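This report concerns only the one structure given below.
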Amino acid sequence: MPFAPNHKEAEIESIQGYSEACKLGRKHAQMFVAWVKAQPHQVGNNWIGQILQGGSDGAEKQGYVAGFCAQLERSLVFGIKTV
């Protein structure tokens with residue numbers, strides 16, 4: 001993930017449990033929003049689709065996706081309120 005320079009695919013794989021995966025998903029979504037804000041020319045390259053397709057199946061993957069999407073929703077609502 002270009003927005004998480006220290007990220008390794010194993011980071012998601014080594015998570016233990018849904019709750020921990022949600023936290024990492026939220027953290028990565030915050031990093032993603034900041035990255036897109038700084039690099040608007042990257043919009044439209046389907047980064048979110050690629051992020052959500054990666055990793056394994058199971059509770060950890062579901063938790064990561066849930067946390068990532070929940071944080072994106074928060075960011076969207078904040079952005080909508082400030083427009």
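For the structure tokens, the naming scheme is as follows: chains receive sequential letters (A, B, ...) according to their order of presentation, residues are indexed from 1 within each chain, and ligands are indexed from 1 in presentation order.
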Need the shell around Ala66 (chain A): protein/DNA/RNA residues with any atom at most 9 Å away, counting only C-alpha atoms. Skip same-chain ones fewer than 4 positions apart. Format as a PDB file with C-alpha atoms, in the first residue's frame?
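Writing done, so here's selection_20.pdb:
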ATOM      1  CA  ALA A  21      -8.060  -6.054  12.627  1.00  0.00           C
ATOM      2  CA  CYS A  22     -10.685  -3.294  12.854  1.00  0.00           C
ATOM      3  CA  GLY A  25      -8.206  -1.040   9.154  1.00  0.00           C
ATOM      4  CA  ARG A  26      -9.175   2.306  10.717  1.00  0.00           C
ATOM      5  CA  LYS A  61      -9.934  -9.851   6.907  1.00  0.00           C
ATOM      6  CA  GLN A  62     -13.547  -9.016   7.725  1.00  0.00           C
ATOM      7  CA  ALA A  70     -16.038   2.654   8.894  1.00  0.00           C
ATOM      8  CA  GLN A  71     -13.186   5.167   8.952  1.00  0.00           C
TER       9      GLN A  71
END
Counting only C-alpha atoms, the residue of A:Gly44, A:Gly49, A:Gly63, A:Gly58 that sits nearest Leu24 (chain A) | A:Gly63
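Nearest residue to Glu20 (chain A) among A:Gly79, A:Glu60, A:Arg74, A:Ile51 is A:Glu60, counting only C-alpha atoms.
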Residue contacts of Ala29 (chain A) (12 Å, only C-alpha atoms) excluding same-chain residues fewer than 2 positions away, as a PyMOL selection string | chain A and resi 1+3-4+22-27+31-36+47-48+51-52+64-76
Quick one: write out the picked residues with C-alpha atoms as a short mmCIF file (atom, residue, chain, number, x, y, z; two decimals), in the first residue's frame?
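So part-v1.cif came out as:
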data_model
loop_
_atom_site.label_atom_id
_atom_site.label_comp_id
_atom_site.auth_asym_id
_atom_site.auth_seq_id
_atom_site.Cartn_x
_atom_site.Cartn_y
_atom_site.Cartn_z
CA MET A 1 0.00 0.00 0.00
CA PHE A 3 0.02 5.26 1.66
CA ALA A 4 1.44 3.00 4.38
CA CYS A 22 -10.69 -3.29 12.85
CA LYS A 23 -8.17 -1.02 14.57
CA LEU A 24 -5.59 -1.62 11.86
CA GLY A 25 -8.21 -1.04 9.15
CA ARG A 26 -9.18 2.31 10.72
CA LYS A 27 -5.52 3.31 11.01
CA MET A 31 -3.42 7.12 6.31
CA PHE A 32 -5.18 6.54 2.99
CA VAL A 33 -7.29 9.70 3.32
CA ALA A 34 -4.21 11.79 4.14
CA TRP A 35 -2.32 10.22 1.23
CA VAL A 36 -5.13 10.92 -1.27
CA TRP A 47 -6.93 1.92 -4.66
CA ILE A 48 -9.82 1.08 -2.34
CA ILE A 51 -6.96 -2.71 -0.66
CA LEU A 52 -10.21 -4.54 0.04
CA TYR A 64 -9.86 -5.05 8.59
CA VAL A 65 -12.41 -4.28 5.87
CA ALA A 66 -15.02 -3.22 8.44
CA GLY A 67 -12.58 -0.88 10.19
CA PHE A 68 -11.29 0.56 6.91
CA CYS A 69 -14.79 1.23 5.58
CA ALA A 70 -16.04 2.65 8.89
CA GLN A 71 -13.19 5.17 8.95
CA LEU A 72 -13.80 6.12 5.33
CA GLU A 73 -17.44 6.77 6.20
CA ARG A 74 -16.35 9.05 9.05
CA SER A 75 -14.03 10.91 6.71
CA LEU A 76 -16.75 11.30 4.09
#
Correct to one decimal, the distance CA of Gln42 (chain A)-CA of Ile80 (chain A) is 20.4 Å
